[in-house]
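Source file: input35.txt; contents: compact mmCIF, C-alpha atoms.
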# COMPACT_ATOMS: atom_id res chain seq x y z
CA MET A 313 -2.72 -2.41 25.48
CA LYS A 314 0.34 -3.89 23.80
CA LYS A 315 3.53 -2.34 22.58
CA ALA A 316 3.93 -2.45 18.82
CA ARG A 317 6.38 -1.64 16.08
CA ILE A 318 6.41 -1.25 12.31
CA LYS A 319 7.05 -4.58 10.68
CA ALA A 320 6.82 -3.63 7.03
CA LEU A 321 5.56 -1.14 4.51
CA LEU A 322 4.08 -2.83 1.47
CA VAL A 323 2.17 -1.91 -1.62
CA ASP A 324 -1.10 -3.58 -2.39
CA LYS A 325 -0.54 -4.20 -6.09
CA GLU A 326 -4.20 -4.53 -6.89
CA ASN A 327 -5.01 -0.88 -6.25
CA ASN A 328 -1.49 0.48 -5.73
CA SER A 329 -2.40 1.35 -2.19
CA PRO A 330 0.29 1.27 0.49
CA VAL A 331 -0.22 -0.83 3.60
CA VAL A 332 1.74 -0.65 6.81
CA LEU A 333 1.99 -3.78 8.95
CA VAL A 334 2.13 -3.01 12.66
CA GLU A 335 3.56 -5.91 14.63
CA ILE A 336 2.27 -6.51 18.16
CA GLU A 337 5.13 -7.20 20.55
CA ASP A 338 5.22 -10.58 22.29
CA THR A 339 2.60 -11.92 19.94
CA THR A 340 2.66 -13.28 16.41
CA LYS A 341 0.04 -10.81 15.27
CA VAL A 342 0.10 -7.86 12.92
CA ILE A 343 -2.38 -5.08 12.24
CA PRO A 344 -2.55 -4.05 8.58
CA ILE A 345 -3.36 -0.37 7.98
CA TRP A 346 -4.05 0.91 4.47
CA ILE A 347 -2.61 4.42 4.21
CA GLY A 348 -2.35 7.29 1.75
CA ALA A 349 0.45 7.60 -0.78
CA PHE A 350 2.02 10.68 0.78
CA GLU A 351 1.99 9.20 4.28
CA ALA A 352 3.56 6.03 2.87
CA TRP A 353 6.27 8.05 1.20
CA ALA A 354 6.94 9.99 4.41
CA MET A 355 6.99 6.70 6.31
CA ALA A 356 9.41 5.10 3.86
CA MET A 357 11.74 8.09 4.12
CA ALA A 358 11.58 7.85 7.92
CA ILE A 359 12.26 4.10 7.89
CA GLU A 360 15.26 4.64 5.63
CA ASN A 361 16.44 7.64 7.66
CA VAL A 362 16.65 9.74 4.52
CA GLU A 363 17.75 13.28 5.31
CA PHE A 364 16.32 16.21 3.35
CA PRO A 365 17.83 19.66 3.13
CA ARG A 366 14.49 21.20 4.11
CA PRO A 367 12.02 20.08 6.80
CA LEU A 368 9.20 17.87 5.55
CA THR A 369 5.74 18.39 6.98
CA HIS A 370 6.21 15.87 9.80
CA ASP A 371 9.60 17.43 10.62
CA LEU A 372 7.89 20.80 10.87
CA LEU A 373 5.31 19.30 13.21
CA ILE A 374 8.06 17.85 15.42
CA SER A 375 9.89 21.15 15.34
CA CYS A 376 6.74 23.02 16.41
CA VAL A 377 6.08 20.64 19.32
CA GLU A 378 9.69 20.67 20.51
CA ASN A 379 10.02 24.45 20.15
CA LEU A 380 6.94 24.78 22.35
CA ASN A 381 8.70 22.52 24.88
CA GLY A 382 6.28 19.68 24.26
CA LYS A 383 7.58 16.16 24.62
CA PHE A 384 6.18 13.24 22.63
CA ASP A 385 5.28 10.57 25.14
CA ARG A 386 3.51 7.77 23.28
CA ILE A 387 1.18 6.89 20.47
CA VAL A 388 -1.84 4.67 20.86
CA ILE A 389 -3.81 3.15 18.01
CA HIS A 390 -6.92 2.84 20.10
CA SER A 391 -9.92 1.93 18.01
CA ILE A 392 -11.38 1.07 14.66
CA ARG A 393 -14.74 2.27 13.40
CA ASP A 394 -16.24 1.89 9.94
CA ASN A 395 -12.96 0.43 8.72
CA THR A 396 -11.03 3.49 9.90
CA TYR A 397 -8.35 3.28 12.56
CA PHE A 398 -8.02 6.01 15.18
CA ALA A 399 -4.86 6.96 17.02
CA SER A 400 -3.95 9.36 19.81
CA LEU A 401 -0.74 11.24 20.21
CA TYR A 402 0.20 11.76 23.86
CA VAL A 403 2.31 14.86 24.39
CA ILE A 404 3.58 16.28 27.69
CA ASP A 405 3.40 20.06 27.73
CA ASN A 406 5.95 22.32 29.42
CA SER A 407 3.95 22.29 32.67
CA GLY A 408 4.16 18.52 32.77
CA ASN A 409 0.52 18.05 31.81
CA GLN A 410 -0.52 15.33 29.41
CA VAL A 411 -2.19 16.45 26.20
CA ILE A 412 -4.00 13.93 24.01
CA ILE A 413 -4.25 14.74 20.32
CA ASP A 414 -6.40 12.93 17.76
CA SER A 415 -4.38 11.62 14.81
CA ARG A 416 -4.57 9.28 11.87
CA PRO A 417 -2.34 6.28 12.62
CA SER A 418 -0.24 7.03 9.52
CA ASP A 419 0.84 10.46 10.76
CA ALA A 420 1.40 9.10 14.25
CA ILE A 421 3.55 6.27 12.89
CA VAL A 422 5.71 8.66 10.85
CA LEU A 423 6.29 10.68 14.03
CA SER A 424 7.01 7.53 16.03
CA LEU A 425 9.65 6.50 13.49
CA LYS A 426 11.28 9.93 13.43
CA ARG A 427 11.45 10.35 17.21
CA ASP A 428 11.36 6.78 18.49
CA ILE A 429 8.05 7.45 20.16
CA PRO A 430 6.67 4.27 21.78
CA LEU A 431 3.74 2.87 19.84
CA TYR A 432 0.88 0.92 21.41
CA VAL A 433 -2.22 -0.84 20.12
CA THR A 434 -5.26 -1.50 22.29
CA GLU A 435 -6.58 -5.00 22.90
CA GLU A 436 -9.80 -3.91 21.15
CA VAL A 437 -7.94 -3.17 17.92
CA ILE A 438 -5.82 -6.31 18.20
CA SER A 439 -8.85 -8.51 18.64
CA GLU A 440 -10.75 -6.79 15.84
CA SER A 441 -7.96 -6.51 13.28
CA GLY A 442 -5.02 -8.61 14.41
CA ILE A 443 -3.85 -11.26 11.99
CA ASP A 444 -1.80 -14.12 13.31
CA LEU A 445 1.23 -14.53 11.11
CA THR A 446 2.36 -17.91 12.36
CA VAL A 447 1.05 -21.35 12.09
CA ASP A 448 2.00 -23.28 15.18
CA ILE A 449 0.85 -26.67 14.03
CA PRO A 450 3.05 -28.10 11.30
CA SER A 451 0.91 -29.07 8.36
CA GLU A 452 1.08 -30.04 4.75
CA ASN A 453 -2.13 -28.14 4.26
CA GLU A 454 -2.09 -25.77 1.26
CA GLU A 455 -3.43 -22.81 3.21
CA ASP A 456 -0.82 -23.21 5.91
CA ARG A 457 1.92 -23.42 3.30
CA ARG A 458 0.71 -20.19 1.75
CA PHE A 459 0.53 -18.64 5.17
CA LYS A 460 4.16 -19.55 5.84
CA ASP A 461 5.20 -18.28 2.44
CA PHE A 462 3.50 -15.06 3.24
CA VAL A 463 5.31 -14.69 6.54
CA GLU A 464 8.62 -15.21 4.80
CA LYS A 465 7.96 -12.99 1.82
CA LEU A 466 5.49 -10.50 3.26
CA ASP A 467 3.57 -10.71 0.03
CA ILE A 468 0.59 -8.44 0.16
CA GLU A 469 -1.33 -10.43 -2.41
CA GLN A 470 -1.05 -13.45 -0.19
CA LEU A 471 -2.00 -11.35 2.80
CA LYS A 472 -5.19 -10.40 1.05
CA GLU A 473 -5.91 -14.01 0.18
CA ILE A 474 -5.34 -15.08 3.75
CA MET A 475 -7.51 -12.31 4.98
CA LYS A 476 -10.33 -13.14 2.61
CA HIS A 477 -10.14 -16.70 3.83
CA LYS A 478 -10.09 -15.54 7.43
CA GLU A 479 -13.12 -13.39 6.77
CA ARG A 480 -15.11 -16.19 5.22
CA LYS A 481 -14.28 -18.59 7.98
CA GLU A 482 -14.43 -16.40 11.02
CA ASP A 483 -16.94 -13.87 9.85
CA GLU A 484 -14.55 -11.04 10.63
CA PRO A 485 -14.50 -7.63 8.93
CA ASP A 486 -13.23 -7.53 5.36
CA ILE A 487 -9.69 -6.36 5.90
CA ASN A 488 -9.49 -5.30 2.26
CA ASP A 489 -11.70 -2.38 3.12
CA LEU A 490 -9.60 -1.18 6.02
CA GLU A 491 -8.29 2.26 5.48
CA ASP A 492 -6.57 4.69 7.69
CA GLU A 493 -8.10 7.74 6.06
CA GLU A 494 -10.54 9.29 3.66
CA MET B 1098 8.63 43.34 4.45
CA LYS B 1099 5.28 43.28 2.68
CA LYS B 1100 2.04 41.54 3.42
CA ALA B 1101 1.11 38.89 0.89
CA ARG B 1102 -1.65 36.50 -0.02
CA ILE B 1103 -2.18 33.49 -2.24
CA LYS B 1104 -3.25 34.59 -5.71
CA ALA B 1105 -3.44 31.26 -7.50
CA LEU B 1106 -2.40 27.64 -7.49
CA LEU B 1107 -1.43 26.47 -10.97
CA VAL B 1108 0.10 23.46 -12.61
CA ASP B 1109 3.17 23.80 -14.76
CA LYS B 1110 2.08 21.58 -17.63
CA GLU B 1111 5.58 20.94 -18.86
CA ASN B 1112 6.63 18.87 -15.84
CA ASN B 1113 3.26 18.60 -14.06
CA SER B 1114 4.71 20.54 -11.17
CA PRO B 1115 2.40 22.73 -9.09
CA VAL B 1116 3.21 26.40 -8.63
CA VAL B 1117 1.71 28.76 -6.10
CA LEU B 1118 1.58 32.46 -6.94
CA VAL B 1119 1.99 34.66 -3.89
CA GLU B 1120 0.69 38.17 -4.50
CA ILE B 1121 2.43 41.07 -2.75
CA GLU B 1122 -0.11 43.46 -1.27
CA ASP B 1123 -0.13 47.05 -2.57
CA THR B 1124 2.08 46.07 -5.48
CA THR B 1125 1.43 44.44 -8.83
CA LYS B 1126 3.99 41.75 -8.16
CA VAL B 1127 3.76 38.04 -7.57
CA ILE B 1128 6.28 35.48 -6.31
CA PRO B 1129 6.01 32.08 -8.01
CA ILE B 1130 6.94 29.12 -5.80
CA TRP B 1131 7.23 25.62 -7.26
CA ILE B 1132 5.96 23.15 -4.69
CA GLY B 1133 5.51 19.40 -4.18
CA ALA B 1134 2.43 17.51 -5.29
CA PHE B 1135 1.27 16.65 -1.78
CA GLU B 1136 1.70 20.20 -0.52
CA ALA B 1137 -0.25 21.43 -3.57
CA TRP B 1138 -3.03 18.99 -2.83
CA ALA B 1139 -3.12 20.07 0.82
CA MET B 1140 -3.11 23.71 -0.31
CA ALA B 1141 -5.93 23.15 -2.79
CA MET B 1142 -8.01 21.45 -0.10
CA ALA B 1143 -7.34 24.38 2.24
CA ILE B 1144 -8.25 26.95 -0.43
CA GLU B 1145 -11.49 25.10 -1.13
CA ASN B 1146 -12.19 24.63 2.59
CA VAL B 1147 -12.70 20.93 2.07
CA GLU B 1148 -13.46 19.16 5.32
CA PHE B 1149 -12.16 15.65 5.96
CA PRO B 1150 -13.47 13.26 8.56
CA ARG B 1151 -9.95 12.70 9.89
CA PRO B 1152 -7.19 15.28 10.51
CA LEU B 1153 -4.73 15.69 7.66
CA THR B 1154 -1.06 16.17 8.52
CA HIS B 1155 -1.30 19.97 8.63
CA ASP B 1156 -4.42 19.72 10.77
CA LEU B 1157 -2.51 17.50 13.18
CA LEU B 1158 0.28 20.08 13.28
CA ILE B 1159 -2.21 22.85 14.08
CA SER B 1160 -3.84 20.66 16.70
CA CYS B 1161 -0.45 19.99 18.34
CA VAL B 1162 0.46 23.68 18.45
CA GLU B 1163 -2.93 24.75 19.77
CA ASN B 1164 -3.09 21.95 22.34
CA LEU B 1165 0.28 23.16 23.63
CA ASN B 1166 -1.25 26.65 23.90
CA GLY B 1167 0.89 27.97 21.08
CA LYS B 1168 -0.56 30.71 18.91
CA PHE B 1169 0.36 31.16 15.27
CA ASP B 1170 1.44 34.76 14.85
CA ARG B 1171 2.77 35.19 11.33
CA ILE B 1172 4.62 33.58 8.48
CA VAL B 1173 7.53 35.20 6.68
CA ILE B 1174 8.99 34.02 3.39
CA HIS B 1175 12.35 35.56 4.12
CA SER B 1176 14.94 34.44 1.61
CA ILE B 1177 15.80 32.48 -1.49
CA ARG B 1178 18.98 30.51 -2.02
CA ASP B 1179 19.81 28.18 -4.92
CA ASN B 1180 16.25 28.50 -6.19
CA THR B 1181 14.87 27.40 -2.82
CA TYR B 1182 12.66 29.66 -0.78
CA PHE B 1183 12.91 29.75 3.01
CA ALA B 1184 10.12 30.64 5.38
CA SER B 1185 9.76 31.10 9.12
CA LEU B 1186 6.75 30.30 11.21
CA TYR B 1187 6.36 32.69 14.16
CA VAL B 1188 4.53 31.12 17.08
CA ILE B 1189 3.82 32.64 20.49
CA ASP B 1190 4.23 30.08 23.27
CA ASN B 1191 2.09 29.95 26.39
CA SER B 1192 4.50 32.23 28.27
CA GLY B 1193 4.09 34.88 25.58
CA ASN B 1194 7.53 34.26 24.10
CA GLN B 1195 8.06 34.29 20.38
CA VAL B 1196 9.33 31.07 18.83
CA ILE B 1197 10.67 31.07 15.27
CA ILE B 1198 10.45 27.81 13.37
CA ASP B 1199 12.11 27.04 10.03
CA SER B 1200 9.61 25.88 7.39
CA ARG B 1201 9.23 25.31 3.69
CA PRO B 1202 6.96 28.03 2.30
CA SER B 1203 4.51 25.37 1.07
CA ASP B 1204 3.81 24.03 4.56
CA ALA B 1205 3.67 27.53 5.97
CA ILE B 1206 1.18 28.59 3.29
CA VAL B 1207 -1.09 25.62 3.98
CA LEU B 1208 -1.11 26.61 7.66
CA SER B 1209 -1.73 30.25 6.79
CA LEU B 1210 -4.74 29.25 4.70
CA LYS B 1211 -6.16 26.99 7.40
CA ARG B 1212 -5.79 29.47 10.26
CA ASP B 1213 -5.73 32.85 8.49
CA ILE B 1214 -2.16 33.42 9.63
CA PRO B 1215 -0.78 36.68 8.19
CA LEU B 1216 1.76 36.01 5.45
CA TYR B 1217 4.70 38.31 4.69
CA VAL B 1218 7.47 38.37 2.10
CA THR B 1219 10.73 40.22 2.65
CA GLU B 1220 11.93 42.96 0.29
CA GLU B 1221 14.90 40.73 -0.52
CA VAL B 1222 12.66 37.98 -1.88
CA ILE B 1223 10.44 40.46 -3.70
CA SER B 1224 13.36 42.07 -5.45
CA GLU B 1225 14.94 38.72 -6.31
CA SER B 1226 11.85 36.84 -7.43
CA GLY B 1227 9.00 39.29 -7.80
CA ILE B 1228 7.36 39.39 -11.21
CA ASP B 1229 5.37 42.45 -12.15
CA LEU B 1230 2.05 41.35 -13.57
CA THR B 1231 0.83 44.68 -14.90
CA VAL B 1232 1.79 47.13 -17.56
CA ASP B 1233 1.19 50.58 -16.21
CA ILE B 1234 1.47 52.55 -19.43
CA PRO B 1235 -1.63 52.26 -21.58
CA SER B 1236 -0.66 51.26 -25.08
CA GLU B 1237 -2.03 49.85 -28.28
CA ASN B 1238 1.24 48.06 -28.63
CA GLU B 1239 0.98 44.33 -29.45
CA GLU B 1240 3.43 43.36 -26.73
CA ASP B 1241 1.43 45.10 -24.06
CA ARG B 1242 -1.70 43.38 -25.22
CA ARG B 1243 -0.01 39.99 -24.92
CA PHE B 1244 1.30 40.87 -21.48
CA LYS B 1245 -2.20 41.81 -20.39
CA ASP B 1246 -3.48 38.54 -21.83
CA PHE B 1247 -0.95 36.78 -19.68
CA VAL B 1248 -2.09 38.62 -16.58
CA GLU B 1249 -5.67 37.67 -17.27
CA LYS B 1250 -5.01 34.04 -18.07
CA LEU B 1251 -2.14 33.42 -15.65
CA ASP B 1252 -0.58 31.13 -18.20
CA ILE B 1253 2.19 29.26 -16.50
CA GLU B 1254 4.06 28.60 -19.74
CA GLN B 1255 4.31 32.31 -20.34
CA LEU B 1256 5.28 32.84 -16.75
CA LYS B 1257 8.13 30.39 -17.16
CA GLU B 1258 9.32 32.17 -20.27
CA ILE B 1259 9.34 35.44 -18.40
CA MET B 1260 11.31 33.87 -15.58
CA LYS B 1261 13.85 32.25 -17.88
CA HIS B 1262 14.42 35.62 -19.42
CA LYS B 1263 14.66 37.20 -16.02
CA GLU B 1264 17.30 34.70 -14.99
CA ARG B 1265 19.32 35.20 -18.14
CA LYS B 1266 19.31 38.96 -18.11
CA GLU B 1267 18.72 39.60 -14.42
CA ASP B 1268 16.46 42.28 -15.65
CA GLU B 1269 12.79 43.05 -15.98
CA PRO B 1270 10.82 40.72 -18.24
CA ASP B 1271 10.97 41.29 -21.96
CA ILE B 1272 7.67 40.80 -23.65
CA ASN B 1273 9.39 39.73 -26.88
CA ASP B 1274 10.25 36.50 -25.16
CA LEU B 1275 6.60 35.59 -25.14
CA GLU B 1276 6.40 35.44 -28.91
CA ASP B 1277 6.93 31.72 -29.26
CA GLU B 1278 4.18 30.98 -26.82
CA GLU B 1279 1.45 32.56 -28.85

Give the structure from the file, written as structure tokens.
Amino acid sequence: MKKARIKALLVDKENNSPVVLVEIEDTTKVIPIWIGAFEAWAMAMAIENVEFPRPLTHDLLISCVENLNGKFDRIVIHSIRDNTYFASLYVIDNSGNQVIIDSRPSDAIVLSLKRDIPLYVTEEVISESGIDLTVDIPSENEEDRRFKDFVEKLDIEQLKEIMKHKERKEDEPDINDLEDEE
Amino acid sequence: MKKARIKALLVDKENNSPVVLVEIEDTTKVIPIWIGAFEAWAMAMAIENVEFPRPLTHDLLISCVENLNGKFDRIVIHSIRDNTYFASLYVIDNSGNQVIIDSRPSDAIVLSLKRDIPLYVTEEVISESGIDLTVDIPSENEEDRRFKDFVEKLDIEQLKEIMKHKERKEDEPDINDLEDEE
């Protein structure tokens, strides 16, 4: 299990689908998670710390948990099945007991941004879906150049290209199909 | 305070904005509440009892409350200020204490649909925003006929006309205002 944080929120221009890049701490890897439009909007508002006069749905959720004396402990993106990521929300109830709640990663990430809840990704998910964003060996190679461009610009089109290439070469799952929901 | 229920979920064609009609029990009145697109979608899915493989945001909220041994007691749409409705979510915590949580009506209504939580509207809101959908006095009058047509068709354009009139005159709706809509 590794600590993680949100690196970027991008839009896949091909299908207008938002993607969140989760960066694995102390590594050069990211996990890309395709998410729904509403969750992306909620995430963007949380990243930008936009305040609304009325509670949004995730604010209401936080308010419910905190009013019931629950305490958000951590979030773990623990597995991936059929191109869907699964997360758990760990909450400590008012008796000090740990409660584990099944969540889509997108909701969990919005909560983590709003309340600075530590975010973790399991080794299983990292090895299945992690993409290494750096190229250690300097090279004039065209693919490496594109890879570096991608790291600098966080261009989702390039990400997809890299991932297609990765898939062909390493026979890994087609990252283009990865979705957090539905 | 009156018990209420969801009568209809409509789309205001002029600005594509969803509207939920909350019907006040034992009256012929409804409260129209303009809501966000996501909340409308979540509400529609709840009305239709659509099941998703993964928890939606409101499902996660319910799961959090129930895992913390909270019990949804009731929802009250209690006031309206600057055209914004305010609701409270009443939850009983695991010590039996009542917790009152501020909510947008749209979120509260989605929860009420998903968990059959009793929904109430205060007299204040009813008198400020209630629209009477029936004409009690039988009549061959053309205006009455058009009003009844409106009730049957729940035409949002007509509803808006009625409300504009209501705002202007702070009075009961005038059927003559519906003329241009025919």

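If you measure from each of A:Ser439, A:Ser407, A:Thr446, A:Ser424 to A:His370 using all atoms listed in the file, the closest one turns out to be A:Ser424.
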
Against chain A, which residues of chain B fall within 8 Å? For each one I want the closest pair of atoms and the distance in Å (one decimal), counting all atoms listed in the file, rows by chain and increasing residue number, as JSON lines.
{"residue": "B:Phe1135", "atom": "CA", "partner": "A:Phe350", "partner_atom": "CA", "distance": 6.5}
{"residue": "B:Phe1149", "atom": "CA", "partner": "A:Glu494", "partner_atom": "CA", "distance": 7.0}
{"residue": "B:Pro1150", "atom": "CA", "partner": "A:Glu494", "partner_atom": "CA", "distance": 7.0}
{"residue": "B:Arg1151", "atom": "CA", "partner": "A:Glu493", "partner_atom": "CA", "distance": 6.5}
{"residue": "B:Pro1152", "atom": "CA", "partner": "A:Ser415", "partner_atom": "CA", "distance": 6.3}
{"residue": "B:Leu1153", "atom": "CA", "partner": "A:Arg416", "partner_atom": "CA", "distance": 7.7}
{"residue": "B:Thr1154", "atom": "CA", "partner": "A:Asp419", "partner_atom": "CA", "distance": 6.4}
{"residue": "B:His1155", "atom": "CA", "partner": "A:Thr369", "partner_atom": "CA", "distance": 7.4}
{"residue": "B:Leu1157", "atom": "CA", "partner": "A:Ser415", "partner_atom": "CA", "distance": 6.4}
{"residue": "B:Leu1158", "atom": "CA", "partner": "A:Leu373", "partner_atom": "CA", "distance": 5.1}
{"residue": "B:Ser1160", "atom": "CA", "partner": "A:Ile413", "partner_atom": "CA", "distance": 7.0}
{"residue": "B:Cys1161", "atom": "CA", "partner": "A:Val377", "partner_atom": "CA", "distance": 6.6}
{"residue": "B:Val1162", "atom": "CA", "partner": "A:Val377", "partner_atom": "CA", "distance": 6.4}
{"residue": "B:Asn1164", "atom": "CA", "partner": "A:Val411", "partner_atom": "CA", "distance": 6.8}
{"residue": "B:Leu1165", "atom": "CA", "partner": "A:Asp405", "partner_atom": "CA", "distance": 6.0}
{"residue": "B:Gly1167", "atom": "CA", "partner": "A:Leu380", "partner_atom": "CA", "distance": 7.0}
{"residue": "B:Asp1190", "atom": "CA", "partner": "A:Leu380", "partner_atom": "CA", "distance": 6.0}
{"residue": "B:Val1196", "atom": "CA", "partner": "A:Asn379", "partner_atom": "CA", "distance": 6.8}
{"residue": "B:Ile1198", "atom": "CA", "partner": "A:Cys376", "partner_atom": "CA", "distance": 6.8}
{"residue": "B:Asp1199", "atom": "CA", "partner": "A:Leu372", "partner_atom": "CA", "distance": 7.6}
{"residue": "B:Ser1200", "atom": "CA", "partner": "A:Pro367", "partner_atom": "CA", "distance": 6.3}
{"residue": "B:Arg1201", "atom": "CA", "partner": "A:Arg366", "partner_atom": "CA", "distance": 6.7}
{"residue": "B:Asp1204", "atom": "CA", "partner": "A:Thr369", "partner_atom": "CA", "distance": 6.4}

Inset, instruction - Could you check how far atom CA of A:Ile347 sits from atom CA of A:Ser391, in Å to one decimal? - result: 15.8 Å

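Atom CA of A:Tyr432 is found 8.1 Å from atom CA of A:His390.
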
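Put simply, atom CA of A:Lys325 is 27.2 Å away from atom CA of A:Leu431.
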
Legend entry - Long-range neighbours of stretch 1099-1102 of chain B as a count of residues only, 12 Å cut-off, all atoms listed in the file, 2 positions minimum in chain: 39

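Considering all atoms listed in the file, the residue among A:Asn395, A:Gly408, A:Leu423, A:Lys383 positioned nearest to A:Ser441 is A:Asn395.
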